[in-house]
Amino acid sequence: MIRATLTIARRDIMATILSRGFLVWLAMPVIGLAFAVFASLVGGPRDAAPPPQAVAVVDPAGDFAPWVQAAAAREQTRNAYDRLRAAHGDTAAFARPAALLSDTQLDALAKRADVAAMAPRRAPAFVQVIIHGDPEEQARRLLTGKSRFGAALVVKPDGLMLLTRGKVQDAERIRTLAGLAWMRRTLAAEGLSDRMEAMRAAQPDITLAVLGDPAPQAQRRGAPILATGAATVLFALISLLAGALLSNMVEEKSNKIIEVLVAAVPVPAIYAGKLIAMLAVSLIGVTVWGLLFGGGLMLAAAQLPAGLIPMPPRGWPELLVLGVAYFTCAYLIYGAIYLGIGSLCSTIREVQTLSMPVTILQMVILISTLGALANPGGLWFQIVSWFPLSAPYMMLGRAAADTGLGIHLASIAWQLAFAALVIALAARLFRYGVLRSGSPPSLRQLAGLKPKAA
Amino acid sequence: MNYAIEAENLSKRFGDKQAVAGVDLRVPAGAIYGFLGQNGAGKTTTLRMLLGILEPDGGHRRLLGTDRPLSVAARVGYLPEERGLYPAMTAREAIAYVGALRGMSLAEGRTRADELLAANGLGGEATARIRTFSKGMAQKVQLLATFVNRPDLIVLDEPFSGLDPVNQQDLEAMIHAERARGATILFSTHVMAHAERMCDGLVIIAHGRTRFSGSVGAARAHLPSRVVLVTDRPLSNLHAMLPPGSTVDILPGPGNAYRFPLPPGGIEPLLACLIETGSGIRDMHIERPTLHDAFVTIVGDGALRAETPEAA
């Protein structure tokens, strides 16, 4: 039986990878990428937010502009630190919340490359302009016609005036920064800056201790992103393969060679051969995609600041191993279902009709999985984790977010047992479907509870 | 006697339809057997059950001494009614693939494929893809694939269907050659001439049941031989010369032509009587029943019996 299985698998692999359809299948990510690039080129300029316009600082005395520029620079550094802290988690290097950083600390952080790399690129710049005539009139002039300024900040002896052209996205932020700069200038004038800075620096470090279920650990900001990504990638891969399996089975039936196979080898061997073949084909495809895109992705990742890409709790190697295991489980479960459907169909139209409910079900499962991953804990989280059709996606998502290995081993065992059940049922359907004799078997007959004979 | 196939009271139901209702079949090893029946009589279902493609709902079957047909798949060759090969495969690979399914190594299968193709006039097409072949050529390749593993038992479902007369003759020769090698052959067919020419024995089924099993001669013996008599003048006393109850058909056309069953005592007493009465015999001959006639009679009887409440 093993020999027959491998014979069938070998033929299917060769037939698939030497077909034009396989080249199209391989090219799908490239086509998708090209489409995305095209769409962004065509629709990008319309959809993208307009770049932030600069803020003209009309400061007749010239003693306020440096304060507001410094405040803006520190605010950028604070935001960059906050993003880095979110990516790294609440580690010792990022123990202090961004809001509690002193100016001295912010000035020191601004010199670090990783912080500079994380700085928001869309922050408006404060530009001090040379004074010509009445400041308010000058500000109005600066905001008319084609100008690079979206707002003007007029500095008066007793206060500030912000003029904007139409709707300015960052008006509130500009007012906040201007207010902070005014306060700091006042503190400096009163000789209180150093005392204020000392008070800020004296903030105690507040350590965090989480009690009870370690599940909230999974809620760290990077983990859900990784979990969602892992589940979505697995879903996309399985969906692609399902289509290939269906076409393969329809081709087999239209060739009518299936009866020769059934007469020579046991049906489970045919079934296993086809599943193995498509698994091998998919691994070839993934390897090719990895070679095509992996290098580029790694190169791109290397350019990003450390910590921007979340690190799985137990590291990438373990996540990849679990990924392969869950991919195999999902493939066996969905592959068997789709192969069973394919054996009942004679035409692509029938395939589309019969596979639609399964496709819709898969979409529902993906949405449920992503929803459960976003809200860890609770009954729904557990249901989606153990319901066999969603378990591969969900558990891979959890593998990207939590650290427990035992639960994954139990889940893989459960999924493989369920896959064996699905394969056994689908093989019965397959036997009926490929020979197309008589009425379809009932659910009880499929389950082996009732003989087919009346 | 050593039987390659033994089946007893096989039955199979698909939903509401009883496809096979009790087929008995015995094919001696080394024989060529024909499996005859009308369309929908249950031939293909029976063959599928014999080969283990379908599991029977009732009855027993043994193939090459085992009741698990797939366990002897390496010793069996099968040509299904619905022909099919992978269009992208070459003729050599297609034959070798079937050989691999039947337990041969691919290398051995390729060598054997080259031999078979060369011996059957397709040597030049070994590396051509099936999609470039005519329907008849593709069918011939599939036939050759059936023989690739030198099977002990060959089951052919309607093998002559779709072949031109020359290829039909080639197939007959191939079947005889396989039998000469020692193989047992069972084939289903609608063409009585093939069965009559080739078969050592026949099994005729109707409505899912075996109606006849035996030699071609025994099948033909189901009908009496008939006498055709042509005379110069009308015979008013012919009935008196024949055994009581004999039916006499008056044949259409010019002259006085009659057809009636051969009397049990033979033709000579009747001939003496005709000469004595001066009947003016112009032609007289005995018609032996053909297998076609016997088949129609056997299947017709089966149909009538199947319609009776006891047989249903």
# chains A, B, ... in the order shown; residues from 1 in each chain; ligands from 1
$ interface_residues --of "chain B" --to "chain A" --cutoff "6 Å" --atoms "only C-alpha atoms" --output "compact mmCIF listing (two decimals) with C-alpha atoms, in the first residue's frame"
# COMPACT_ATOMS: atom_id res chain seq x y z
CA ARG B 13 -28.13 -2.45 -4.50
CA PHE B 14 -27.69 1.25 -5.26
CA GLY B 15 -30.34 3.18 -3.43
CA ILE B 53 -13.74 -2.05 -6.70
CA ASP B 57 -24.00 -6.46 -0.43
CA ALA B 73 -4.03 -6.99 -7.84
CA GLY B 84 -9.09 6.87 -19.60
CA LEU B 85 -5.43 7.83 -19.57
CA LEU B 101 0.19 0.37 -9.77
$ select_by_dssp --residues "range 61-247 of chain B" --states "alpha helix (DSSP H)" --output "JSON, numbers by chain"
{"B": [91, 92, 93, 94, 95, 96, 97, 98, 99, 100, 101, 106, 107, 108, 109, 110, 111, 112, 113, 114, 115, 116, 117, 118, 119, 135, 136, 137, 138, 139, 140, 141, 142, 143, 144, 145, 146, 165, 166, 167, 168, 169, 170, 171, 172, 173, 174, 175, 176, 177, 178, 179, 180, 181, 192, 193, 194, 195, 196, 197, 198, 216, 217, 218, 219, 220, 238, 239, 240, 241]}
$ write_last_selection --atoms "C-alpha atoms" --output "tab-separated table (two decimals), in the first residue's frame"
chain	number	residue	atom	x	y	z
B	91	ALA	CA	2.40	6.11	-24.15
B	92	ARG	CA	5.42	4.49	-22.50
B	93	GLU	CA	4.88	6.29	-19.18
B	94	ALA	CA	1.15	5.55	-19.21
B	95	ILE	CA	1.77	1.81	-19.57
B	96	ALA	CA	4.61	1.86	-17.04
B	97	TYR	CA	2.40	3.74	-14.56
B	98	VAL	CA	-0.28	1.05	-14.71
B	99	GLY	CA	2.49	-1.51	-14.26
B	100	ALA	CA	3.72	0.38	-11.18
B	101	LEU	CA	0.19	0.37	-9.77
B	106	LEU	CA	8.80	1.84	-13.15
B	107	ALA	CA	11.98	0.79	-14.97
B	108	GLU	CA	10.58	-2.68	-15.57
B	109	GLY	CA	7.30	-1.15	-16.66
B	110	ARG	CA	9.02	1.08	-19.21
B	111	THR	CA	10.91	-1.84	-20.69
B	112	ARG	CA	7.74	-3.87	-20.93
B	113	ALA	CA	5.89	-0.89	-22.41
B	114	ASP	CA	8.46	-0.60	-25.18
B	115	GLU	CA	8.08	-4.32	-25.92
B	116	LEU	CA	4.30	-4.15	-26.05
B	117	LEU	CA	4.20	-0.99	-28.14
B	118	ALA	CA	6.72	-2.37	-30.61
B	119	ALA	CA	4.88	-5.69	-30.89
B	135	LYS	CA	-9.30	7.65	-29.76
B	136	GLY	CA	-8.56	4.21	-31.17
B	137	MET	CA	-4.83	4.53	-30.59
B	138	ALA	CA	-5.36	5.69	-27.01
B	139	GLN	CA	-7.66	2.75	-26.45
B	140	LYS	CA	-5.03	0.40	-27.79
B	141	VAL	CA	-2.45	1.88	-25.41
B	142	GLN	CA	-4.81	1.27	-22.52
B	143	LEU	CA	-5.34	-2.31	-23.67
B	144	LEU	CA	-1.59	-2.82	-23.72
B	145	ALA	CA	-1.41	-1.34	-20.23
B	146	THR	CA	-3.86	-4.03	-19.14
B	165	PRO	CA	-12.42	-4.23	-37.46
B	166	VAL	CA	-8.65	-4.46	-37.90
B	167	ASN	CA	-7.99	-3.52	-34.29
B	168	GLN	CA	-10.76	-5.88	-33.18
B	169	GLN	CA	-8.93	-8.66	-34.97
B	170	ASP	CA	-5.67	-7.59	-33.33
B	171	LEU	CA	-7.35	-7.66	-29.95
B	172	GLU	CA	-8.68	-11.15	-30.58
B	173	ALA	CA	-5.14	-12.25	-31.40
B	174	MET	CA	-3.82	-10.58	-28.25
B	175	ILE	CA	-6.41	-12.34	-26.12
B	176	HIS	CA	-5.56	-15.68	-27.66
B	177	ALA	CA	-1.86	-15.00	-27.09
B	178	GLU	CA	-2.49	-14.19	-23.44
B	179	ARG	CA	-4.47	-17.40	-23.04
B	180	ALA	CA	-1.65	-19.31	-24.71
B	181	ARG	CA	0.68	-17.80	-22.10
B	192	MET	CA	-22.02	-12.19	-30.22
B	193	ALA	CA	-19.66	-12.99	-33.05
B	194	HIS	CA	-16.65	-12.37	-30.80
B	195	ALA	CA	-18.05	-14.50	-28.02
B	196	GLU	CA	-18.99	-17.26	-30.45
B	197	ARG	CA	-15.54	-17.28	-32.02
B	198	MET	CA	-13.40	-16.91	-28.94
B	216	VAL	CA	-21.29	-21.76	-26.55
B	217	GLY	CA	-22.68	-25.04	-27.89
B	218	ALA	CA	-24.80	-25.50	-24.78
B	219	ALA	CA	-26.13	-22.00	-25.16
B	220	ARG	CA	-27.08	-22.63	-28.76
B	238	LEU	CA	-47.09	-30.93	-44.06
B	239	HIS	CA	-48.55	-30.84	-40.55
B	240	ALA	CA	-49.48	-34.48	-40.83
B	241	MET	CA	-45.86	-35.40	-41.58
$ residues_around --residues "range 77-82 of chain A" --least-positions-apart "2" --cutoff "7 Å" --atoms "only C-alpha atoms" --output "ChimeraX atom specification"
/A:73-75,84-86,98,106,109-110,115,118-120
$ residues_around --residues "Leu283 in chain A" --least-positions-apart "4" --cutoff "12 Å" --atoms "only C-alpha atoms" --output "JSON, numbers by chain"
{"A": [13, 17, 26, 237, 238, 241, 276, 277, 278, 279, 287, 288, 289, 290, 324, 327, 328, 331]}
$ select_by_dssp --residues "range 97-195 of chain A" --states "strand (DSSP E or B)" --output "JSON, numbers by chain"
{"A": [126, 127, 128, 149, 150, 151, 152, 153, 154, 155, 156, 159, 160, 161, 162, 163, 164]}
$ closest_atom_pairs --of "range 109-184 of chain B" --to "range 23-40 of chain B" --cutoff "8 Å" --atoms "only C-alpha atoms" --output "Markdown table"
| residue | atom | partner | partner_atom | distance |
| --- | --- | --- | --- | --- |
| B:Arg179 | CA | B:Gly30 | CA | 6.2 |
| B:Gly182 | CA | B:Gly30 | CA | 5.5 |
| B:Ala183 | CA | B:Gly30 | CA | 5.3 |
| B:Thr184 | CA | B:Gly30 | CA | 4.3 |
$ atom_distance --atom1 "CA of His292 in chain B" --atom2 "CA of Leu186 in chain B"
18.9 Å
$ residues_around --residues "Lys12 in chain B" --least-positions-apart "2" --cutoff "10 Å" --atoms "only C-alpha atoms" --output "PDB file with N, CA and C atoms, in the first residue's frame"
ATOM      1  N   LYS A 452     -24.634  -0.023   3.324  1.00  0.00           N
ATOM      2  CA  LYS A 452     -25.241   0.649   2.189  1.00  0.00           C
ATOM      3  C   LYS A 452     -26.403  -0.155   1.610  1.00  0.00           C
ATOM      4  N   ALA A 453     -26.347  -1.477   1.767  1.00  0.00           N
ATOM      5  CA  ALA A 453     -27.433  -2.290   1.225  1.00  0.00           C
ATOM      6  C   ALA A 453     -28.717  -2.048   1.990  1.00  0.00           C
ATOM      7  N   ALA A 454     -29.826  -2.024   1.264  1.00  0.00           N
ATOM      8  CA  ALA A 454     -31.106  -1.809   1.928  1.00  0.00           C
ATOM      9  C   ALA A 454     -31.586  -3.114   2.526  1.00  0.00           C
TER      10      ALA A 454
ATOM     11  N   LEU B  10     -23.958 -13.236  -5.956  1.00  0.00           N
ATOM     12  CA  LEU B  10     -23.536 -11.853  -5.708  1.00  0.00           C
ATOM     13  C   LEU B  10     -24.716 -10.906  -5.854  1.00  0.00           C
ATOM     14  N   PHE B  14     -28.027  -0.175  -5.323  1.00  0.00           N
ATOM     15  CA  PHE B  14     -27.693   1.245  -5.264  1.00  0.00           C
ATOM     16  C   PHE B  14     -28.972   2.004  -4.970  1.00  0.00           C
ATOM     17  N   GLY B  15     -29.118   2.473  -3.784  1.00  0.00           N
ATOM     18  CA  GLY B  15     -30.339   3.184  -3.425  1.00  0.00           C
ATOM     19  C   GLY B  15     -31.538   2.277  -3.591  1.00  0.00           C
ATOM     20  N   LYS B  17     -32.363   0.909  -6.410  1.00  0.00           N
ATOM     21  CA  LYS B  17     -32.199   0.034  -7.573  1.00  0.00           C
ATOM     22  C   LYS B  17     -31.358  -1.194  -7.214  1.00  0.00           C
ATOM     23  N   GLN B  18     -31.930  -2.371  -7.507  1.00  0.00           N
ATOM     24  CA  GLN B  18     -31.185  -3.612  -7.303  1.00  0.00           C
ATOM     25  C   GLN B  18     -30.374  -3.855  -8.573  1.00  0.00           C
ATOM     26  N   ALA B  19     -29.107  -3.509  -8.542  1.00  0.00           N
ATOM     27  CA  ALA B  19     -28.292  -3.602  -9.758  1.00  0.00           C
ATOM     28  C   ALA B  19     -27.935  -5.050 -10.069  1.00  0.00           C
ATOM     29  N   VAL B  20     -27.590  -5.800  -9.033  1.00  0.00           N
ATOM     30  CA  VAL B  20     -27.250  -7.216  -9.210  1.00  0.00           C
ATOM     31  C   VAL B  20     -28.028  -7.985  -8.145  1.00  0.00           C
ATOM     32  N   ALA B  21     -28.740  -9.030  -8.599  1.00  0.00           N
ATOM     33  CA  ALA B  21     -29.669  -9.681  -7.669  1.00  0.00           C
ATOM     34  C   ALA B  21     -29.329 -11.136  -7.396  1.00  0.00           C
ATOM     35  N   GLY B  22     -28.208 -11.610  -7.893  1.00  0.00           N
ATOM     36  CA  GLY B  22     -27.860 -13.001  -7.645  1.00  0.00           C
ATOM     37  C   GLY B  22     -27.102 -13.576  -8.819  1.00  0.00           C
ATOM     38  N   VAL B  23     -25.850 -13.198  -8.921  1.00  0.00           N
ATOM     39  CA  VAL B  23     -25.038 -13.670 -10.042  1.00  0.00           C
ATOM     40  C   VAL B  23     -24.134 -14.804  -9.557  1.00  0.00           C
ATOM     41  N   GLY B  42     -26.256  -5.496 -15.344  1.00  0.00           N
ATOM     42  CA  GLY B  42     -25.435  -5.614 -14.130  1.00  0.00           C
ATOM     43  C   GLY B  42     -24.043  -6.156 -14.409  1.00  0.00           C
ATOM     44  N   THR B  45     -21.220  -3.763 -12.894  1.00  0.00           N
ATOM     45  CA  THR B  45     -21.261  -3.830 -11.423  1.00  0.00           C
ATOM     46  C   THR B  45     -20.703  -5.165 -10.947  1.00  0.00           C
ATOM     47  N   THR B  46     -21.057  -6.242 -11.657  1.00  0.00           N
ATOM     48  CA  THR B  46     -20.545  -7.560 -11.266  1.00  0.00           C
ATOM     49  C   THR B  46     -19.026  -7.613 -11.407  1.00  0.00           C
ATOM     50  N   MET B  49     -17.441  -5.780  -8.643  1.00  0.00           N
ATOM     51  CA  MET B  49     -17.465  -6.530  -7.381  1.00  0.00           C
ATOM     52  C   MET B  49     -16.417  -7.641  -7.399  1.00  0.00           C
ATOM     53  N   LEU B  54     -15.972  -2.572  -5.936  1.00  0.00           N
ATOM     54  CA  LEU B  54     -17.169  -2.427  -5.108  1.00  0.00           C
ATOM     55  C   LEU B  54     -17.259  -3.642  -4.195  1.00  0.00           C
ATOM     56  N   GLU B  55     -17.781  -3.415  -3.027  1.00  0.00           N
ATOM     57  CA  GLU B  55     -18.016  -4.537  -2.129  1.00  0.00           C
ATOM     58  C   GLU B  55     -19.449  -5.031  -2.335  1.00  0.00           C
ATOM     59  N   PRO B  56     -19.634  -6.328  -2.529  1.00  0.00           N
ATOM     60  CA  PRO B  56     -21.005  -6.826  -2.711  1.00  0.00           C
ATOM     61  C   PRO B  56     -21.816  -6.686  -1.422  1.00  0.00           C
ATOM     62  N   ASP B  57     -23.121  -6.498  -1.603  1.00  0.00           N
ATOM     63  CA  ASP B  57     -24.004  -6.461  -0.431  1.00  0.00           C
ATOM     64  C   ASP B  57     -24.280  -7.876   0.063  1.00  0.00           C
ATOM     65  N   GLY B  58     -24.236  -8.827  -0.856  1.00  0.00           N
ATOM     66  CA  GLY B  58     -24.497 -10.206  -0.476  1.00  0.00           C
ATOM     67  C   GLY B  58     -23.737 -11.154  -1.379  1.00  0.00           C
ATOM     68  N   GLY B  59     -23.631 -12.409  -0.961  1.00  0.00           N
ATOM     69  CA  GLY B  59     -22.938 -13.407  -1.770  1.00  0.00           C
ATOM     70  C   GLY B  59     -21.445 -13.439  -1.493  1.00  0.00           C
ATOM     71  N   GLY B 208     -29.793  -8.666 -13.537  1.00  0.00           N
ATOM     72  CA  GLY B 208     -28.963  -8.865 -12.361  1.00  0.00           C
ATOM     73  C   GLY B 208     -28.833 -10.304 -11.909  1.00  0.00           C
TER      74      GLY B 208
END
$ residues_around --residues "Pro269 in chain B" --least-positions-apart "5" --cutoff "12 Å" --atoms "only C-alpha atoms" --output "list in words"
Met241, Leu242, Pro243, Leu262, Pro263, Pro264, Leu274, Ile275 and Glu276 of chain B
$ closest_residue --among "B:Ile204, B:Leu79, B:Met104, B:Leu163" --to "Lys43 in chain B" --atoms "only C-alpha atoms"
B:Ile204
$ residues_around --residues "Leu160 in chain A" --least-positions-apart "6" --cutoff "10 Å" --atoms "only C-alpha atoms" --output "PyMOL selection string"
chain A and resi 58-59+153-154+175+178-179+182
$ atom_distance --atom1 "CA of Trp67 in chain A" --atom2 "CA of Val127 in chain A"
11.9 Å
$ atom_distance --atom1 "CA of Leu63 in chain B" --atom2 "CA of Ala4 in chain B"
5.9 Å
